[in-house]
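Just structure-v1.txt here, compact mmCIF, C-alpha atoms and all ligand atoms:
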# COMPACT_ATOMS: atom_id res chain seq x y z
CA MET A 1 5.52 15.04 28.44
CA GLN A 2 2.44 15.23 30.65
CA THR A 3 3.07 13.93 34.17
CA ILE A 4 0.29 11.87 35.65
CA PRO A 5 0.37 12.46 39.41
CA THR A 6 -0.04 8.90 40.61
CA VAL A 7 3.07 8.06 42.58
CA GLU A 8 3.63 4.47 41.47
CA ARG A 9 5.67 3.48 44.49
CA ASP A 10 2.77 4.50 46.72
CA ILE A 11 0.35 2.06 45.12
CA PRO A 12 -0.17 -0.81 47.58
CA LEU A 13 0.39 -4.24 46.02
CA ASN A 14 -0.04 -7.85 47.17
CA LEU A 15 -0.38 -7.13 50.88
CA TYR A 16 -2.00 -10.57 51.13
CA LYS A 17 -1.05 -13.65 49.14
CA ASN A 18 -2.76 -17.00 48.69
CA VAL A 19 -0.55 -18.63 51.36
CA ASP A 20 -1.57 -16.00 53.92
CA PRO A 21 -4.83 -14.37 52.80
CA LEU A 22 -6.91 -11.75 54.60
CA LEU A 23 -10.19 -13.00 56.05
CA VAL A 24 -13.10 -10.80 55.01
CA THR A 25 -16.80 -11.00 55.82
CA VAL A 26 -19.55 -10.79 53.22
CA GLU A 27 -21.64 -7.93 54.49
CA ARG A 28 -24.03 -7.55 51.60
CA SER A 29 -24.80 -9.52 48.47
CA ILE A 30 -27.54 -8.35 46.15
CA ARG A 31 -28.44 -9.28 42.62
CA LEU A 32 -28.12 -6.35 40.21
CA THR A 33 -29.58 -7.99 37.11
CA PRO A 34 -33.17 -9.22 36.68
CA PRO A 35 -34.12 -12.93 36.81
CA GLY A 36 -33.77 -14.66 33.46
CA THR A 37 -30.62 -12.69 32.55
CA PRO A 38 -26.96 -13.46 33.39
CA GLU A 39 -26.54 -12.94 37.13
CA VAL A 40 -24.37 -10.03 38.28
CA ARG A 41 -24.11 -9.35 42.01
CA HIS A 42 -23.02 -6.42 44.15
CA VAL A 43 -20.92 -7.91 46.95
CA VAL A 44 -19.65 -5.83 49.88
CA LEU A 45 -16.71 -7.32 51.81
CA ARG A 46 -15.81 -6.00 55.28
CA PHE A 47 -12.32 -6.24 56.79
CA PRO A 48 -10.80 -5.19 60.13
CA LYS A 49 -9.71 -1.54 60.44
CA ASP A 50 -6.22 -0.84 59.02
CA SER A 51 -5.83 -4.41 57.72
CA PHE A 52 -6.17 -3.55 54.02
CA HIS A 53 -5.36 -0.60 51.77
CA PHE A 54 -6.08 -0.14 48.10
CA LEU A 55 -6.63 2.52 45.48
CA GLU A 56 -9.42 2.97 42.98
CA GLY A 57 -8.97 0.76 39.91
CA GLN A 58 -7.18 -2.05 41.76
CA ALA A 59 -8.49 -5.60 42.06
CA VAL A 60 -8.58 -8.27 44.75
CA GLY A 61 -8.15 -12.03 44.43
CA ILE A 62 -10.68 -14.57 45.64
CA PRO A 63 -9.37 -18.16 45.74
CA PRO A 64 -12.12 -20.76 45.38
CA PRO A 65 -11.92 -23.26 48.25
CA GLY A 66 -10.36 -26.65 47.63
CA LEU A 67 -7.51 -28.02 45.57
CA ASN A 68 -6.91 -28.14 41.85
CA GLU A 69 -6.30 -31.32 39.83
CA ARG A 70 -2.60 -31.22 40.85
CA GLY A 71 -3.48 -31.16 44.55
CA ARG A 72 -2.47 -27.48 44.96
CA PRO A 73 -4.74 -24.76 46.43
CA ASN A 74 -6.94 -23.17 43.76
CA VAL A 75 -5.48 -19.93 42.44
CA PRO A 76 -7.32 -16.68 43.21
CA ARG A 77 -9.42 -15.08 40.48
CA LEU A 78 -9.20 -11.30 40.23
CA TYR A 79 -12.19 -8.99 40.72
CA SER A 80 -12.02 -5.22 40.18
CA ILE A 81 -12.92 -3.12 43.19
CA ALA A 82 -16.14 -1.20 42.51
CA SER A 83 -15.93 1.22 45.42
CA ASP A 84 -13.38 3.88 46.27
CA ARG A 85 -10.65 3.46 48.90
CA ASP A 86 -13.11 4.33 51.69
CA GLY A 87 -15.79 1.85 50.62
CA ASP A 88 -19.44 2.53 49.83
CA ASP A 89 -20.10 3.73 53.39
CA GLY A 90 -16.97 5.94 53.55
CA VAL A 91 -15.68 4.22 56.71
CA GLY A 92 -12.56 2.66 55.16
CA THR A 93 -13.18 -0.93 56.25
CA SER A 94 -14.95 -2.37 53.22
CA LEU A 95 -14.81 -2.74 49.47
CA THR A 96 -17.35 -3.68 46.84
CA LEU A 97 -17.15 -6.18 43.99
CA THR A 98 -19.37 -6.54 40.92
CA VAL A 99 -19.39 -10.24 40.13
CA LYS A 100 -20.87 -12.04 37.15
CA ARG A 101 -21.69 -15.69 37.80
CA VAL A 102 -19.85 -17.41 34.94
CA MET A 103 -21.66 -20.30 33.20
CA TYR A 104 -20.22 -22.53 30.49
CA VAL A 105 -20.69 -25.94 28.89
CA ASP A 106 -17.85 -28.41 29.58
CA GLU A 107 -16.29 -30.92 27.19
CA ASN A 108 -19.00 -33.49 28.07
CA GLY A 109 -21.82 -31.07 27.27
CA ASN A 110 -22.71 -30.42 30.92
CA ASP A 111 -23.71 -26.94 32.20
CA ARG A 112 -21.10 -25.68 34.67
CA PHE A 113 -20.53 -22.65 36.84
CA GLY A 114 -17.15 -20.87 37.03
CA MET A 115 -15.47 -21.83 40.30
CA ALA A 116 -14.67 -18.49 41.94
CA SER A 117 -17.58 -16.47 40.55
CA ASN A 118 -20.06 -19.14 41.63
CA TYR A 119 -18.47 -19.31 45.09
CA LEU A 120 -18.70 -15.51 45.43
CA CYS A 121 -22.27 -15.34 44.14
CA GLU A 122 -23.36 -18.14 46.50
CA ALA A 123 -21.60 -16.63 49.54
CA ALA A 124 -24.18 -15.71 52.18
CA GLU A 125 -24.14 -12.48 54.17
CA GLY A 126 -21.99 -13.12 57.26
CA GLN A 127 -19.83 -15.74 55.51
CA VAL A 128 -16.05 -15.38 55.86
CA LEU A 129 -13.94 -15.57 52.67
CA ARG A 130 -10.21 -15.53 51.95
CA MET A 131 -8.97 -12.58 49.93
CA THR A 132 -5.64 -11.63 48.34
CA GLY A 133 -4.31 -8.37 46.91
CA PRO A 134 -4.62 -5.59 46.16
CA ALA A 135 -3.50 -6.22 42.57
CA GLY A 136 -2.75 -4.05 39.55
CA LYS A 137 -1.49 -0.55 38.79
CA GLU A 138 -2.74 -0.13 35.23
CA MET A 139 -6.20 1.14 36.11
CA VAL A 140 -5.33 3.42 39.03
CA PRO A 141 -6.39 6.95 37.95
CA PRO A 142 -4.74 10.20 39.08
CA ASP A 143 -6.13 11.29 42.44
CA ASP A 144 -6.97 14.71 41.06
CA PRO A 145 -10.45 15.79 39.91
CA SER A 146 -9.08 18.28 37.38
CA TYR A 147 -8.29 15.50 34.87
CA ASN A 148 -10.73 14.59 32.11
CA LEU A 149 -11.59 10.89 32.15
CA ILE A 150 -13.06 8.93 29.25
CA MET A 151 -14.14 5.60 30.72
CA ILE A 152 -15.27 2.87 28.31
CA SER A 153 -16.76 -0.34 29.66
CA THR A 154 -18.51 -3.51 28.66
CA GLY A 155 -20.28 -5.75 31.20
CA THR A 156 -18.65 -5.91 34.64
CA GLY A 157 -15.84 -3.72 33.26
CA ILE A 158 -17.88 -0.88 34.69
CA ALA A 159 -16.79 -1.88 38.23
CA PRO A 160 -13.59 0.22 38.55
CA PHE A 161 -15.37 3.25 37.09
CA ARG A 162 -17.87 3.17 39.93
CA GLY A 163 -14.89 3.44 42.27
CA TYR A 164 -13.44 6.40 40.34
CA VAL A 165 -16.71 8.31 40.39
CA GLN A 166 -17.30 7.58 44.07
CA ARG A 167 -13.85 9.00 44.84
CA LEU A 168 -14.38 12.07 42.62
CA ARG A 169 -17.66 12.85 44.36
CA ARG A 170 -15.90 12.76 47.74
CA LEU A 171 -12.95 14.94 46.72
CA ALA A 172 -13.45 18.66 47.11
CA ALA A 173 -12.42 20.46 43.93
CA SER A 174 -12.26 24.01 42.71
CA GLN A 175 -11.67 22.77 39.19
CA ARG A 176 -13.21 19.62 37.75
CA GLY A 177 -12.45 17.85 34.52
CA ARG A 178 -15.15 16.20 32.46
CA VAL A 179 -15.93 12.56 33.14
CA LEU A 180 -17.52 10.56 30.32
CA LEU A 181 -18.77 7.02 30.93
CA TYR A 182 -19.39 4.92 27.80
CA ALA A 183 -21.13 1.82 29.12
CA GLY A 184 -22.08 -1.21 27.05
CA ALA A 185 -24.69 -3.81 28.05
CA LYS A 186 -27.55 -5.68 26.40
CA THR A 187 -30.29 -3.72 28.18
CA ALA A 188 -30.54 -0.97 30.79
CA ALA A 189 -31.75 -3.56 33.30
CA GLU A 190 -28.54 -5.55 32.75
CA LEU A 191 -26.23 -2.54 33.03
CA PRO A 192 -24.74 -2.63 36.54
CA TYR A 193 -25.70 0.43 38.63
CA TYR A 194 -27.81 1.98 35.86
CA ASP A 195 -29.93 3.88 38.41
CA GLU A 196 -26.82 5.27 40.12
CA TRP A 197 -25.44 6.54 36.81
CA GLN A 198 -28.78 8.09 35.94
CA ALA A 199 -28.95 9.85 39.31
CA LEU A 200 -25.42 11.20 38.80
CA ALA A 201 -26.18 12.54 35.34
CA THR A 202 -27.34 15.78 36.99
CA GLU A 203 -23.70 16.52 37.96
CA PRO A 204 -22.34 19.03 35.44
CA TRP A 205 -19.00 17.19 35.18
CA PHE A 206 -20.43 13.69 34.59
CA THR A 207 -21.98 12.31 31.39
CA PRO A 208 -23.12 8.69 31.12
CA ILE A 209 -23.54 7.40 27.54
CA TYR A 210 -25.13 3.98 27.17
CA ALA A 211 -24.78 1.49 24.34
CA LEU A 212 -27.63 -0.98 24.90
CA SER A 213 -27.23 -3.55 22.15
CA ARG A 214 -30.71 -5.12 22.49
CA GLU A 215 -32.60 -1.87 23.07
CA GLN A 216 -30.84 0.64 20.85
CA SER A 217 -29.87 0.59 17.18
CA THR A 218 -27.41 2.52 15.09
CA ALA A 219 -28.67 4.72 12.23
CA ASP A 220 -28.04 1.83 9.83
CA GLY A 221 -30.03 -0.60 11.96
CA HIS A 222 -27.31 -2.55 13.78
CA HIS A 223 -27.12 -3.35 17.50
CA MET A 224 -25.63 -0.39 19.36
CA HIS A 225 -22.16 -1.00 20.85
CA VAL A 226 -19.76 1.34 22.69
CA GLN A 227 -17.71 1.93 19.55
CA ASP A 228 -20.85 3.26 17.79
CA ARG A 229 -21.43 5.69 20.64
CA LEU A 230 -17.78 6.81 20.41
CA ARG A 231 -18.26 7.53 16.70
CA GLU A 232 -21.30 9.67 17.59
CA GLY A 233 -19.07 11.71 19.93
CA GLY A 234 -17.81 13.80 17.00
CA SER A 235 -15.75 16.96 17.58
CA ASP A 236 -16.66 17.24 21.25
CA LEU A 237 -15.16 13.81 21.99
CA TRP A 238 -12.18 14.27 19.68
CA ASN A 239 -11.31 17.62 21.29
CA LEU A 240 -11.40 15.96 24.68
CA VAL A 241 -9.19 13.06 23.50
CA THR A 242 -6.55 15.50 22.27
CA GLN A 243 -6.37 17.55 25.46
CA PRO A 244 -3.17 16.85 27.44
CA ASN A 245 -5.06 16.34 30.71
CA THR A 246 -7.35 13.59 29.38
CA LEU A 247 -6.99 9.90 30.25
CA ILE A 248 -8.81 7.07 28.47
CA PHE A 249 -9.66 3.86 30.32
CA LEU A 250 -11.05 0.67 28.76
CA CYS A 251 -12.32 -2.17 30.92
CA GLY A 252 -14.34 -5.28 30.18
CA MET A 253 -14.60 -7.98 27.59
CA LYS A 254 -11.52 -9.27 25.81
CA GLY A 255 -11.59 -7.98 22.24
CA MET A 256 -13.32 -4.66 22.99
CA GLU A 257 -10.11 -2.74 22.27
CA THR A 258 -10.36 -3.55 18.55
CA GLY A 259 -13.74 -1.87 18.06
CA VAL A 260 -12.77 1.07 20.26
CA ASN A 261 -9.56 1.62 18.27
CA GLU A 262 -11.50 1.51 14.98
CA ALA A 263 -13.94 4.11 16.29
CA PHE A 264 -11.12 6.44 17.37
CA GLN A 265 -9.43 5.86 14.01
CA ASP A 266 -12.61 7.08 12.25
CA LEU A 267 -12.95 10.06 14.61
CA ALA A 268 -9.30 10.99 14.05
CA ALA A 269 -9.66 10.77 10.27
CA GLN A 270 -12.75 13.02 10.37
CA HIS A 271 -10.62 15.61 12.16
CA GLY A 272 -7.60 15.33 9.86
CA SER A 273 -5.56 13.46 12.46
CA ASP A 274 -3.85 10.11 12.65
CA TRP A 275 -5.04 7.78 15.42
CA SER A 276 -1.88 5.68 15.59
CA THR A 277 0.19 8.82 16.32
CA GLN A 278 -2.33 10.10 18.86
CA ARG A 279 -2.62 6.70 20.50
CA ALA A 280 1.17 6.27 20.69
CA GLN A 281 1.34 9.59 22.53
CA LEU A 282 -1.44 8.55 24.92
CA VAL A 283 0.34 5.26 25.64
CA ALA A 284 3.73 6.97 26.16
CA GLU A 285 2.15 9.40 28.62
CA LYS A 286 0.24 6.63 30.44
CA ARG A 287 -3.04 8.17 29.43
CA TRP A 288 -4.31 5.05 27.60
CA ARG A 289 -5.12 2.28 30.09
CA VAL A 290 -6.64 -1.07 29.24
CA GLU A 291 -7.83 -3.98 31.38
CA VAL A 292 -9.73 -6.71 29.57
CA TYR A 293 -10.53 -10.27 30.64
C1 LIG A 301 -7.91 -7.72 36.22
C2 LIG A 301 -9.20 -8.51 36.19
C3 LIG A 301 -10.35 -7.97 36.74
C4 LIG A 301 -11.53 -8.70 36.72
N1 LIG A 301 -12.66 -8.13 37.25
C5 LIG A 301 -13.82 -8.81 37.24
C6 LIG A 301 -15.00 -8.20 37.78
O1 LIG A 301 -15.00 -7.05 38.24
N2 LIG A 301 -16.14 -8.94 37.77
C7 LIG A 301 -16.19 -10.21 37.25
O2 LIG A 301 -17.26 -10.84 37.29
N3 LIG A 301 -15.08 -10.81 36.73
C8 LIG A 301 -13.90 -10.14 36.73
N4 LIG A 301 -12.77 -10.74 36.22
C9 LIG A 301 -12.84 -12.13 35.73
C10 LIG A 301 -12.58 -13.12 36.92
O3 LIG A 301 -11.24 -12.96 37.37
C11 LIG A 301 -12.74 -14.58 36.53
O4 LIG A 301 -11.94 -14.85 35.39
C12 LIG A 301 -14.16 -15.01 36.23
O5 LIG A 301 -15.01 -14.73 37.33
C13 LIG A 301 -14.19 -16.53 35.96
O6 LIG A 301 -13.64 -17.21 37.05
P1 LIG A 301 -14.31 -18.53 37.62
O7 LIG A 301 -13.42 -19.14 38.66
O8 LIG A 301 -15.73 -18.28 38.01
O9 LIG A 301 -14.37 -19.46 36.35
P2 LIG A 301 -13.34 -20.73 35.97
O10 LIG A 301 -13.81 -21.88 36.80
O11 LIG A 301 -11.99 -20.24 36.18
O12 LIG A 301 -13.72 -20.91 34.50
C14 LIG A 301 -13.41 -19.90 33.58
C15 LIG A 301 -13.64 -20.37 32.17
O13 LIG A 301 -12.76 -21.45 31.89
C16 LIG A 301 -13.40 -22.37 31.04
N5 LIG A 301 -13.40 -23.70 31.71
C17 LIG A 301 -13.06 -23.98 33.00
N6 LIG A 301 -13.18 -25.29 33.24
C18 LIG A 301 -13.59 -25.87 32.08
C19 LIG A 301 -13.92 -27.21 31.70
N7 LIG A 301 -13.83 -28.24 32.56
N8 LIG A 301 -14.34 -27.42 30.43
C20 LIG A 301 -14.44 -26.39 29.54
N9 LIG A 301 -14.15 -25.11 29.85
C21 LIG A 301 -13.74 -24.85 31.10
C22 LIG A 301 -14.79 -21.85 30.77
O14 LIG A 301 -14.79 -21.16 29.56
C23 LIG A 301 -15.04 -20.90 31.89
O15 LIG A 301 -15.92 -19.85 31.53
C24 LIG A 301 -11.57 -10.02 36.18
C25 LIG A 301 -10.41 -10.55 35.63
C26 LIG A 301 -9.24 -9.82 35.63
C27 LIG A 301 -8.00 -10.44 35.02
Is it possible to express this structure as C-alpha cells?
Ligand SMILES: Cc1cc2nc3c(=O)[nH]c(=O)nc-3n(C[C@H](O)[C@H](O)[C@H](O)COP(=O)(O)OP(=O)(O)OC[C@H]3O[C@@H](n4cnc5c(N)ncnc54)[C@H](O)[C@@H]3O)c2cc1C
Amino acid sequence: MQTIPTVERDIPLNLYKNVDPLLVTVERSIRLTPPGTPEVRHVVLRFPKDSFHFLEGQAVGIPPPGLNERGRPNVPRLYSIASDRDGDDGVGTSLTLTVKRVMYVDENGNDRFGMASNYLCEAAEGQVLRMTGPAGKEMVPPDDPSYNLIMISTGTGIAPFRGYVQRLRRLAASQRGRVLLYAGAKTAAELPYYDEWQALATEPWFTPIYALSREQSTADGHHMHVQDRLREGGSDLWNLVTQPNTLIFLCGMKGMETGVNEAFQDLAAQHGSDWSTQRAQLVAEKRWRVEVY
C-alpha cells in the first residue's frame, strides 16, 4: 500500500476553541467577484507571531457575535484556509479566507444574509475577530512536491487548492508531480483567483482547467461543469488517476461528488477498468479526499 507522508499526529488541531478563541485582525478584505454577482471576498487575517499553526487544507472557525435562540454563544462556521502555512506574504503570521456572502429567503419570505459569512464580509480592515481552529485533517495534502494532485473544485471549494499551490511554489523540488486544477464557476469573472491561476499556467507542472457553466458549453450544447471537463481528460487523465503517487481532492458544493464519480466511471469504462475498484483503492490509500458543504 502506498504511504502518504503526512504524519497525522503532527497535524495541529483545535488550538483555539469557542470558549477561548484567538483574536485576529482583519488586514485586508477585497471583493473578488464583480458587482451584480454573488459576493466572494478575499479576507486576510493577521495573528501574533507563534500564536497559531496550521497546514494547507485545514479550516478555521469564525463564530458570529451574539447568542443563539437558546441563549448560548453562536457556534463557529468553518472556512477553508486559502493560503499556505506561511500566509500570502510568507511571514507566518497570517492566513487567507475566501468567503461567499450567503443569502437566502427565510420562512416569512424575507431576504436574509448568513450570519457568519455576512459578519466576515462586513468586517472592516483593522477589525478584531474571534477565531477557532485549526480544524480538519481530510484535506491536508502530502508536503512533498513529487506527488501528482488532481484538485476538483466548485465555487469557494477552490480555497484550499490556492493554499496547496502556494506551498508547492515555495518548496524547492528536484522532482515535481503534475498538478491539475479542475475549477467550476458560472463565469471566469466569478471564479476566485482566476488571474492567479492564469498567471501560473506557465509553470510546466501546473494545469488549470475551467468549467464555466454560463460561458462554455459541452459538445452536445449543455452548460459545462467540472464532470464534463473530467470526461474530456481521456487517457492522459486516466493514466494519472491510476498512478500510485496521485491524490484526488474534491472541494465545494454538496452533491458534486455524484457527478465527479459518474465522470470517472465513464473514463474507467473507456479504459477497460472498473471505477468502484479503483476508487476503493484510492480511498483505502487515503488518496481520495472529499470536503463538501
Ligand atoms: C469544512 C468546511 C469548509 C468551508 N469552507 C468555506 C469557504 O472556504 N468559504 C465559504 O464561503 N464557506 C465555507 N464553508 C461554509 C461555511 O462554513 C458556512 O456554512 C457558510 O458561510 C454559511 O454560514 P452562515 O453563518 O453565513 O449562514 P447561516 O446563518 O448559518 O445560514 C446557513 C443556511 O441556513 C439556512 N437558514 C438559516 N437560518 C434560516 C432561517 N431563519 N430560515 C430559513 N433558512 C435558514 C439557509 O439556507 C442559509 O443559507 C465551509 C464549510 C465547511 C464545513
Find the residues near segment 170-179 of chain A: any atom within 9 Å, counting all atoms listed in the file, skip ones fewer than 3 places away on the same chain, and give them as an mmCIF file with C-alpha atoms, keeping the file's coordinate frame.
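Result file follows (part.cif):
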data_model
loop_
_atom_site.group_PDB
_atom_site.id
_atom_site.type_symbol
_atom_site.label_atom_id
_atom_site.label_comp_id
_atom_site.auth_asym_id
_atom_site.auth_seq_id
_atom_site.Cartn_x
_atom_site.Cartn_y
_atom_site.Cartn_z
ATOM 1 C CA ASP A 143 -6.130 11.290 42.440
ATOM 2 C CA ASP A 144 -6.970 14.710 41.060
ATOM 3 C CA PRO A 145 -10.450 15.790 39.910
ATOM 4 C CA SER A 146 -9.080 18.280 37.380
ATOM 5 C CA TYR A 147 -8.290 15.500 34.870
ATOM 6 C CA ASN A 148 -10.730 14.590 32.110
ATOM 7 C CA LEU A 149 -11.590 10.890 32.150
ATOM 8 C CA ILE A 150 -13.060 8.930 29.250
ATOM 9 C CA MET A 151 -14.140 5.600 30.720
ATOM 10 C CA VAL A 165 -16.710 8.310 40.390
ATOM 11 C CA GLN A 166 -17.300 7.580 44.070
ATOM 12 C CA ARG A 167 -13.850 9.000 44.840
ATOM 13 C CA PRO A 204 -22.340 19.030 35.440
ATOM 14 C CA TRP A 205 -19.000 17.190 35.180
ATOM 15 C CA PHE A 206 -20.430 13.690 34.590
ATOM 16 C CA THR A 207 -21.980 12.310 31.390
ATOM 17 C CA PRO A 208 -23.120 8.690 31.120
ATOM 18 C CA LEU A 240 -11.400 15.960 24.680
ATOM 19 C CA ASN A 245 -5.060 16.340 30.710
ATOM 20 C CA THR A 246 -7.350 13.590 29.380
#
Hey, could you pull the box centre and edge lengths for segment 261-280 of chain A, axis-aligned, 4 Å padding per side, all listed atoms, to one decimal in Å, as JSON?
{"center_x": -6.4, "center_y": 8.6, "center_z": 15.3, "size_x": 23.1, "size_y": 22.1, "size_z": 18.8}
Give me the residues of chain A that have any atom at most 7 Å from an atom of ligand LIG 301 (chain A); for each, the nearest atom pair and the distance in Å, rounded to one decimal. Use all atoms listed in the file, sort by chain and number, and format it as a tab-separated table.
residue	atom	partner	partner_atom	distance
A:Ala59	CA	A:LIG301	C3	6.1
A:Arg77	CA	A:LIG301	O3	4.2
A:Leu78	CA	A:LIG301	O3	3.9
A:Tyr79	CA	A:LIG301	N1	3.6
A:Ser80	CA	A:LIG301	O1	4.0
A:Ile81	CA	A:LIG301	O1	6.7
A:Leu97	CA	A:LIG301	O1	6.2
A:Thr98	CA	A:LIG301	N2	5.1
A:Val99	CA	A:LIG301	O2	3.6
A:Lys100	CA	A:LIG301	O2	3.8
A:Arg101	CA	A:LIG301	O8	6.5
A:Val102	CA	A:LIG301	O8	5.2
A:Met103	CA	A:LIG301	O15	6.0
A:Tyr104	CA	A:LIG301	O15	5.2
A:Val105	CA	A:LIG301	C20	6.3
A:Asp106	CA	A:LIG301	N8	3.7
A:Glu107	CA	A:LIG301	N8	5.2
A:Phe113	CA	A:LIG301	O8	6.6
A:Gly114	CA	A:LIG301	O8	3.1
A:Met115	CA	A:LIG301	O7	3.8
A:Ala116	CA	A:LIG301	O7	3.6
A:Ser117	CA	A:LIG301	O8	3.6
A:Asn118	CA	A:LIG301	O8	5.7
A:Thr156	CA	A:LIG301	N2	5.0
A:Gly157	CA	A:LIG301	O1	6.0
A:Ala159	CA	A:LIG301	O1	5.5
A:Glu291	CA	A:LIG301	C1	6.1
A:Val292	CA	A:LIG301	C27	6.8
A:Tyr293	CA	A:LIG301	C25	5.0
Tell me which protein, DNA and RNA residues are within 12 Å of segment 280-290 of chain A, counting only C-alpha atoms, leaving out same-chain ones fewer than 5 positions away, and put them as a CSV table (one decimal) with C-alpha atoms, keeping the file's coordinate frame.
chain,number,residue,atom,x,y,z
A,1,MET,CA,5.5,15.0,28.4
A,2,GLN,CA,2.4,15.2,30.6
A,3,THR,CA,3.1,13.9,34.2
A,4,ILE,CA,0.3,11.9,35.6
A,5,PRO,CA,0.4,12.5,39.4
A,6,THR,CA,0.0,8.9,40.6
A,8,GLU,CA,3.6,4.5,41.5
A,57,GLY,CA,-9.0,0.8,39.9
A,136,GLY,CA,-2.8,-4.0,39.6
A,137,LYS,CA,-1.5,-0.6,38.8
A,138,GLU,CA,-2.7,-0.1,35.2
A,139,MET,CA,-6.2,1.1,36.1
A,140,VAL,CA,-5.3,3.4,39.0
A,141,PRO,CA,-6.4,7.0,38.0
A,142,PRO,CA,-4.7,10.2,39.1
A,147,TYR,CA,-8.3,15.5,34.9
A,148,ASN,CA,-10.7,14.6,32.1
A,149,LEU,CA,-11.6,10.9,32.2
A,150,ILE,CA,-13.1,8.9,29.2
A,151,MET,CA,-14.1,5.6,30.7
A,152,ILE,CA,-15.3,2.9,28.3
A,153,SER,CA,-16.8,-0.3,29.7
A,157,GLY,CA,-15.8,-3.7,33.3
A,160,PRO,CA,-13.6,0.2,38.6
A,241,VAL,CA,-9.2,13.1,23.5
A,242,THR,CA,-6.6,15.5,22.3
A,243,GLN,CA,-6.4,17.6,25.5
A,244,PRO,CA,-3.2,16.8,27.4
A,245,ASN,CA,-5.1,16.3,30.7
A,246,THR,CA,-7.4,13.6,29.4
A,247,LEU,CA,-7.0,9.9,30.2
A,248,ILE,CA,-8.8,7.1,28.5
A,249,PHE,CA,-9.7,3.9,30.3
A,250,LEU,CA,-11.0,0.7,28.8
A,251,CYS,CA,-12.3,-2.2,30.9
A,252,GLY,CA,-14.3,-5.3,30.2
A,253,MET,CA,-14.6,-8.0,27.6
A,254,LYS,CA,-11.5,-9.3,25.8
A,255,GLY,CA,-11.6,-8.0,22.2
A,256,MET,CA,-13.3,-4.7,23.0
A,257,GLU,CA,-10.1,-2.7,22.3
A,258,THR,CA,-10.4,-3.6,18.6
A,260,VAL,CA,-12.8,1.1,20.3
A,261,ASN,CA,-9.6,1.6,18.3
A,274,ASP,CA,-3.8,10.1,12.6
A,275,TRP,CA,-5.0,7.8,15.4
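With distances restricted to all atoms listed in the file, A:Met131 is the closest residue to Phe52 of chain A from A:Gly36, A:Met131, A:Asn110, A:Ile30.
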_Using all atoms listed in the file, which protein or nucleic acid residues come within 9 Å of Val24 of chain A? Drop anything in the same chain fewer than 5 positions from it, and give the result as a ChimeraX atom specification._
/A:45-48,94,127-131
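Going from atom CA of Arg31 of chain A to atom CA of Ala199 of chain A covers 19.4 Å.
From atom CA of Pro73 of chain A back to atom CA of Leu13 of chain A, the distance works out to 21.2 Å.
Shortest separation to Ser276 of chain A among A:Leu168, A:Ala185, A:Gly233, A:Phe264 occurs at residue A:Phe264, atoms counted being all atoms listed in the file.
Compared by their closest atoms to Tyr210 of chain A, and using all atoms listed in the file, the residues A:Gly87, A:Gly61, A:Pro76, A:Gly184 rank with A:Gly184 nearest.
Nearest residue to Ala201 of chain A among A:Asn14, A:Glu56, A:Leu181, A:Ser273 is A:Leu181, counting all atoms listed in the file.
In this structure, atom CA of Glu69 of chain A sits 16.7 Å away from atom CA of Arg112 of chain A.
In this comparison, which uses all atoms listed in the file, the residue of A:Asp266, A:Asp20, A:Asp84, A:Asp10 approaching Thr132 of chain A most closely is A:Asp20.
Selection around (-4.4, -3.9, 49.5) with radius 9 Å, counting all atoms listed in the file, yields the residues Ile11, Pro12, Leu13, Asn14, Leu15, Tyr16, Ser51, Phe52, His53, Phe54, Leu55, Gln58, Ala59, Val60, Thr132, Gly133, Pro134 and Ala135 of chain A.
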Grab the residues selected above and save them as a compact mmCIF listing (two decimals), keeping the file's coordinate frame with C-alpha atoms.
# COMPACT_ATOMS: atom_id res chain seq x y z
CA ILE A 11 0.35 2.06 45.12
CA PRO A 12 -0.17 -0.81 47.58
CA LEU A 13 0.39 -4.24 46.02
CA ASN A 14 -0.04 -7.85 47.17
CA LEU A 15 -0.38 -7.13 50.88
CA TYR A 16 -2.00 -10.57 51.13
CA SER A 51 -5.83 -4.41 57.72
CA PHE A 52 -6.17 -3.55 54.02
CA HIS A 53 -5.36 -0.60 51.77
CA PHE A 54 -6.08 -0.14 48.10
CA LEU A 55 -6.63 2.52 45.48
CA GLN A 58 -7.18 -2.05 41.76
CA ALA A 59 -8.49 -5.60 42.06
CA VAL A 60 -8.58 -8.27 44.75
CA THR A 132 -5.64 -11.63 48.34
CA GLY A 133 -4.31 -8.37 46.91
CA PRO A 134 -4.62 -5.59 46.16
CA ALA A 135 -3.50 -6.22 42.57
_A:Asp236, A:Lys186, A:Gly66, A:Ile158 ranked by distance to Met224 of chain A, top pick (using all atoms listed in the file)_ = A:Lys186
*Fewer than 2 positions away in the same chain doesn't count, so skip those; otherwise give me all residues within 8 Å of His271 of chain A, counting only C-alpha atoms, as a PyMOL selection string.*
chain A and resi 235+238+267-269+273
Could you rebuild segment 31-37 of chain A with N, CA and C atoms and give it back as a JSON list (two decimals), in the coordinates of the input?
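So the final result, stored in result_14.json, reads:
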[["chain", "number", "residue", "atom", "x", "y", "z"],
["A", 31, "ARG", "N", -28.46, -9.07, 44.07],
["A", 31, "ARG", "CA", -28.44, -9.28, 42.62],
["A", 31, "ARG", "C", -28.75, -7.96, 41.92],
["A", 32, "LEU", "N", -27.92, -7.60, 40.94],
["A", 32, "LEU", "CA", -28.12, -6.35, 40.21],
["A", 32, "LEU", "C", -28.95, -6.54, 38.96],
["A", 33, "THR", "N", -28.90, -7.75, 38.39],
["A", 33, "THR", "CA", -29.58, -7.99, 37.11],
["A", 33, "THR", "C", -30.88, -8.75, 37.34],
["A", 34, "PRO", "N", -31.88, -8.58, 36.46],
["A", 34, "PRO", "CA", -33.17, -9.22, 36.68],
["A", 34, "PRO", "C", -33.11, -10.74, 36.45],
["A", 35, "PRO", "N", -34.06, -11.48, 37.05],
["A", 35, "PRO", "CA", -34.12, -12.93, 36.81],
["A", 35, "PRO", "C", -34.25, -13.20, 35.32],
["A", 36, "GLY", "N", -33.67, -14.30, 34.88],
["A", 36, "GLY", "CA", -33.77, -14.66, 33.46],
["A", 36, "GLY", "C", -32.65, -14.06, 32.63],
["A", 37, "THR", "N", -31.78, -13.25, 33.24],
["A", 37, "THR", "CA", -30.62, -12.69, 32.55],
["A", 37, "THR", "C", -29.36, -13.16, 33.29]]
